[in-house]
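Reading through the structure tokens given below for one structure.
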Amino acid sequence: MFWVQSGVSMARRKRLNDEVAGPADEMINWYAVQAKNHNEARVLHHLTERIIPTFLPLIEVTRHYGPRRLTRLEPLFPGYLFVQLERMDRYPIRWDAVRWAPGVKSILSSDGTPTSVPDSVIDAIKTRVQDLGFVRPGLRFGRNDRVLIRCGPLAGLEAVFERPLSSAGRVSVLMRLLGQQRRVQVDAADLELA
């Protein structure tokens, strides 16, 4: 904020600026940006070149294509990423750089005013992403949960979840086969709760 007023000392101007603008923490917030279909990486690249703090959280996803299984990273919130900006009235040029960046559809807003995302939400997401650089979903099953095997040679059979075996997604389940309880190893992605 720039004050043009004669007879006002520099200390008074600074104090007035601080009162109008508020503390520095309140001036910079995170905002959600909606990207065009599958353009999150393009927007991320463009905004980081413009030195605008940008955050695109990713999640590890396993997709099935017939018998093949493909694991890749996808946006945690498809179609959205986060940017950190000062209030619109303090630095409108940066807002225009975000608004008109290639691949940007809109900045999420309410009644025409951009809606900030609380720092606690961004911090929680960053904490989840911190270790690997992306979110790896945990197991959906607990010990002794009844599960159904969805595909493979045992498709359609029920089992009891025992424990995870590896970070590659293999798990141990207990099944009743030939009148006895047997331990069987399967992919966690092939299971669902029964």
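Chains: A, B, ... in order of the structure tokens. Residues: from 1 per chain. Ligands: from 1, in order shown.
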Would you write out, as JSON lines, a table of all residues in range 105-131 of chain A that have an atom no more than 8 Å from an atom of range 51-60 of chain A, listing for each the closest atom pair and the distance in Å to one decimal, considering only C-alpha atoms and ordering rows by chain and rising residue number?
{"residue": "A:Ile125", "atom": "CA", "partner": "A:Pro57", "partner_atom": "CA", "distance": 7.4}
{"residue": "A:Lys126", "atom": "CA", "partner": "A:Pro57", "partner_atom": "CA", "distance": 7.7}
{"residue": "A:Val129", "atom": "CA", "partner": "A:Pro57", "partner_atom": "CA", "distance": 6.9}
| request: Name the residues of range 22-131 of chain A that fall into helix (DSSP H, G or I) according to DSSP on the backbone, using the chain letters and numbers of this document, as a VMD selection string. | output: chain A and resid 24 to 27 40 to 49 92 to 99 119 to 130
Keeping N, CA and C atoms for every residue in the selection just given, could you write it to a file as a CSV table (one decimal), in the first residue's frame?
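And here is the file that came out, out.csv:
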chain,number,residue,atom,x,y,z
A,24,ALA,N,2.0,-9.7,8.1
A,24,ALA,CA,2.6,-10.3,6.8
A,24,ALA,C,2.0,-11.7,6.5
A,25,ASP,N,1.7,-12.5,7.6
A,25,ASP,CA,1.2,-13.8,7.4
A,25,ASP,C,-0.2,-13.8,6.7
A,26,GLU,N,-1.0,-12.8,7.0
A,26,GLU,CA,-2.3,-12.7,6.5
A,26,GLU,C,-2.4,-12.2,5.0
A,27,MET,N,-1.3,-11.7,4.6
A,27,MET,CA,-1.2,-11.1,3.2
A,27,MET,C,-1.0,-12.2,2.2
A,40,GLU,N,-2.7,-30.1,-15.4
A,40,GLU,CA,-2.1,-29.7,-14.1
A,40,GLU,C,-0.6,-29.5,-14.2
A,41,ALA,N,0.1,-30.4,-14.9
A,41,ALA,CA,1.5,-30.3,-15.0
A,41,ALA,C,1.9,-29.1,-15.9
A,42,ARG,N,1.2,-28.8,-16.9
A,42,ARG,CA,1.4,-27.7,-17.8
A,42,ARG,C,1.3,-26.4,-17.0
A,43,VAL,N,0.3,-26.3,-16.1
A,43,VAL,CA,0.1,-25.1,-15.3
A,43,VAL,C,1.2,-25.0,-14.3
A,44,LEU,N,1.6,-26.1,-13.7
A,44,LEU,CA,2.6,-26.1,-12.7
A,44,LEU,C,3.9,-25.6,-13.3
A,45,HIS,N,4.3,-26.1,-14.5
A,45,HIS,CA,5.5,-25.7,-15.2
A,45,HIS,C,5.5,-24.2,-15.5
A,46,HIS,N,4.4,-23.8,-16.0
A,46,HIS,CA,4.3,-22.3,-16.4
A,46,HIS,C,4.4,-21.4,-15.2
A,47,LEU,N,3.7,-21.7,-14.1
A,47,LEU,CA,3.7,-20.9,-12.9
A,47,LEU,C,5.1,-20.9,-12.2
A,48,THR,N,5.7,-22.1,-12.2
A,48,THR,CA,7.0,-22.1,-11.5
A,48,THR,C,8.1,-21.3,-12.3
A,49,GLU,N,7.9,-21.3,-13.6
A,49,GLU,CA,8.8,-20.4,-14.4
A,49,GLU,C,8.6,-19.0,-14.1
A,92,PRO,N,-1.7,-7.3,-8.1
A,92,PRO,CA,-2.6,-7.8,-9.2
A,92,PRO,C,-1.9,-8.4,-10.4
A,93,ILE,N,-0.7,-8.1,-10.6
A,93,ILE,CA,0.0,-8.6,-11.8
A,93,ILE,C,0.2,-10.1,-11.6
A,94,ARG,N,0.5,-10.6,-10.4
A,94,ARG,CA,0.7,-12.0,-10.2
A,94,ARG,C,-0.6,-12.8,-10.4
A,95,TRP,N,-1.7,-12.1,-9.9
A,95,TRP,CA,-3.0,-12.7,-10.1
A,95,TRP,C,-3.3,-12.9,-11.6
A,96,ASP,N,-3.0,-11.9,-12.4
A,96,ASP,CA,-3.2,-12.0,-13.8
A,96,ASP,C,-2.3,-13.1,-14.4
A,97,ALA,N,-1.1,-13.2,-13.9
A,97,ALA,CA,-0.2,-14.2,-14.4
A,97,ALA,C,-0.8,-15.6,-14.2
A,98,VAL,N,-1.5,-15.8,-13.0
A,98,VAL,CA,-2.1,-17.1,-12.7
A,98,VAL,C,-3.4,-17.3,-13.6
A,99,ARG,N,-4.2,-16.2,-13.6
A,99,ARG,CA,-5.5,-16.3,-14.3
A,99,ARG,C,-5.3,-16.6,-15.7
A,119,ASP,N,-4.1,-22.6,5.7
A,119,ASP,CA,-2.7,-23.2,5.8
A,119,ASP,C,-2.7,-24.5,6.4
A,120,SER,N,-3.6,-24.8,7.3
A,120,SER,CA,-3.6,-26.1,8.0
A,120,SER,C,-3.9,-27.2,7.0
A,121,VAL,N,-4.7,-27.0,6.0
A,121,VAL,CA,-5.1,-28.0,5.0
A,121,VAL,C,-3.8,-28.2,4.2
A,122,ILE,N,-3.2,-27.2,3.7
A,122,ILE,CA,-2.0,-27.3,2.9
A,122,ILE,C,-0.9,-28.0,3.7
A,123,ASP,N,-0.7,-27.7,4.9
A,123,ASP,CA,0.3,-28.3,5.8
A,123,ASP,C,0.0,-29.8,5.9
A,124,ALA,N,-1.2,-30.2,6.1
A,124,ALA,CA,-1.6,-31.6,6.3
A,124,ALA,C,-1.3,-32.4,5.0
A,125,ILE,N,-1.6,-31.8,3.9
A,125,ILE,CA,-1.3,-32.4,2.6
A,125,ILE,C,0.2,-32.6,2.4
A,126,LYS,N,1.0,-31.5,2.7
A,126,LYS,CA,2.4,-31.5,2.5
A,126,LYS,C,3.1,-32.5,3.5
A,127,THR,N,2.5,-32.7,4.6
A,127,THR,CA,3.0,-33.7,5.6
A,127,THR,C,2.9,-35.1,5.0
A,128,ARG,N,1.7,-35.4,4.3
A,128,ARG,CA,1.5,-36.7,3.7
A,128,ARG,C,2.4,-36.9,2.5
A,129,VAL,N,2.7,-35.9,1.8
A,129,VAL,CA,3.6,-35.9,0.6
A,129,VAL,C,5.0,-36.0,0.9
A,130,GLN,N,5.4,-35.5,2.1
A,130,GLN,CA,6.8,-35.2,2.4
A,130,GLN,C,7.8,-36.4,2.3
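Proximity of A:Leu132, A:Leu193, A:Leu108, A:Val186 to Asp145 in chain A, computed with only C-alpha atoms, is greatest for A:Leu193.
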| field | Counting only C-alpha atoms, the residue of A:Asn29, A:Gln84, A:Asn39, A:Ser172 that sits nearest Ala101 in chain A | value | A:Asn39
| said: Would you pick out the contacts of Tyr80 in chain A at 6 Å or less, using only C-alpha atoms, so that residues sharing its chain but fewer than 4 positions from it are not included, and give the list as a ChimeraX atom specification? | reply: /A:33-35
Hey, can you spit out that residue selection with N, CA and C atoms as a PDB file, in the first residue's frame?
ATOM      1  N   VAL A  33      -6.506 -23.503  -7.782  1.00  0.00           N
ATOM      2  CA  VAL A  33      -6.630 -23.134  -9.193  1.00  0.00           C
ATOM      3  C   VAL A  33      -7.167 -24.352  -9.933  1.00  0.00           C
ATOM      4  N   GLN A  34      -8.223 -24.146 -10.707  1.00  0.00           N
ATOM      5  CA  GLN A  34      -8.773 -25.221 -11.522  1.00  0.00           C
ATOM      6  C   GLN A  34      -8.088 -25.200 -12.882  1.00  0.00           C
ATOM      7  N   ALA A  35      -7.529 -26.338 -13.241  1.00  0.00           N
ATOM      8  CA  ALA A  35      -6.842 -26.464 -14.533  1.00  0.00           C
ATOM      9  C   ALA A  35      -7.782 -27.091 -15.552  1.00  0.00           C
TER      10      ALA A  35
END
| query | From the list A:Pro67, A:Ile149, A:Glu158, A:Ile28, which residue is nearest Asp190 in chain A when using only C-alpha atoms? | reply | A:Ile149
| query | In range 31-120 of chain A, what's strand (DSSP E or B) per DSSP? Answer as a PyMOL selection string? | reply | chain A and resi 31-35+54-55+58-65+68-75+80-86+104-107+109-110+113-114+116-117
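The protein and nucleic acid residues lying at most 6 Å from Leu191 in chain A are Leu148, Ile149, Arg150 and Ala188 of chain A, with only C-alpha atoms considered and sequence neighbours fewer than 3 positions away removed.
Nearest residue to Val104 in chain A, choosing from A:His38, A:Gly66, A:Ala155, A:Leu85 and counting only C-alpha atoms: A:His38.
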| request: Could you check which of A:Lys36, A:Arg50, A:Arg176, A:Glu74 is closest to Phe134 in chain A, using only C-alpha atoms? | output: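 When distances to Phe134 in chain A are compared using only C-alpha atoms, the smallest one comes from A:Glu74.
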| Closest to Pro114 in chain A among A:Gly179, A:Ala32, A:Phe82, A:Gly138, using only C-alpha atoms? | A:Ala32
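Taking CA of Asp89 in chain A as the reference point, CA of Thr113 in chain A is found at 11.3 Å.
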| field | Near-Asn144 in chain A list (12 Å; only C-alpha atoms; drop same-chain fewer than 4 positions) as a PyMOL selection string | value | chain A and resi 159-163+172-175+193-194
Since we have the selection now, will you write its residues out, keeping N, CA and C atoms, as a compact mmCIF listing (two decimals), in the first residue's frame?
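Wrote it out as result.txt, contents follow:
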# COMPACT_ATOMS: atom_id res chain seq x y z
N ALA A 159 -11.86 -64.55 1.69
CA ALA A 159 -10.69 -64.87 2.51
C ALA A 159 -10.69 -63.95 3.72
N VAL A 160 -9.73 -64.17 4.60
CA VAL A 160 -9.56 -63.32 5.78
C VAL A 160 -8.19 -62.66 5.66
N PHE A 161 -8.19 -61.31 5.72
CA PHE A 161 -6.93 -60.58 5.59
C PHE A 161 -6.05 -60.88 6.80
N GLU A 162 -4.77 -61.22 6.52
CA GLU A 162 -3.84 -61.51 7.62
C GLU A 162 -2.86 -60.36 7.83
N ARG A 163 -2.05 -60.05 6.79
CA ARG A 163 -1.04 -59.00 6.97
C ARG A 163 -0.42 -58.62 5.63
N SER A 172 -0.89 -61.20 2.61
CA SER A 172 -1.20 -62.58 2.97
C SER A 172 -2.65 -62.64 3.44
N VAL A 173 -3.39 -63.62 2.88
CA VAL A 173 -4.77 -63.84 3.31
C VAL A 173 -4.91 -65.31 3.69
N LEU A 174 -5.90 -65.57 4.53
CA LEU A 174 -6.18 -66.94 4.93
C LEU A 174 -7.44 -67.40 4.21
N MET A 175 -7.36 -68.58 3.60
CA MET A 175 -8.50 -69.13 2.86
C MET A 175 -8.77 -70.55 3.32
N LEU A 193 -13.35 -55.32 0.34
CA LEU A 193 -14.03 -55.79 1.55
C LEU A 193 -15.25 -56.62 1.16
N ALA A 194 -15.43 -57.72 1.87
CA ALA A 194 -16.58 -58.61 1.57
C ALA A 194 -17.83 -58.10 2.25
| message | I'd like the interatomic distance between CA of Val135 in chain A and CA of Val61 in chain A, to a tenth of an Å. | response |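 Distance reported for this atom pair: 9.4 Å.
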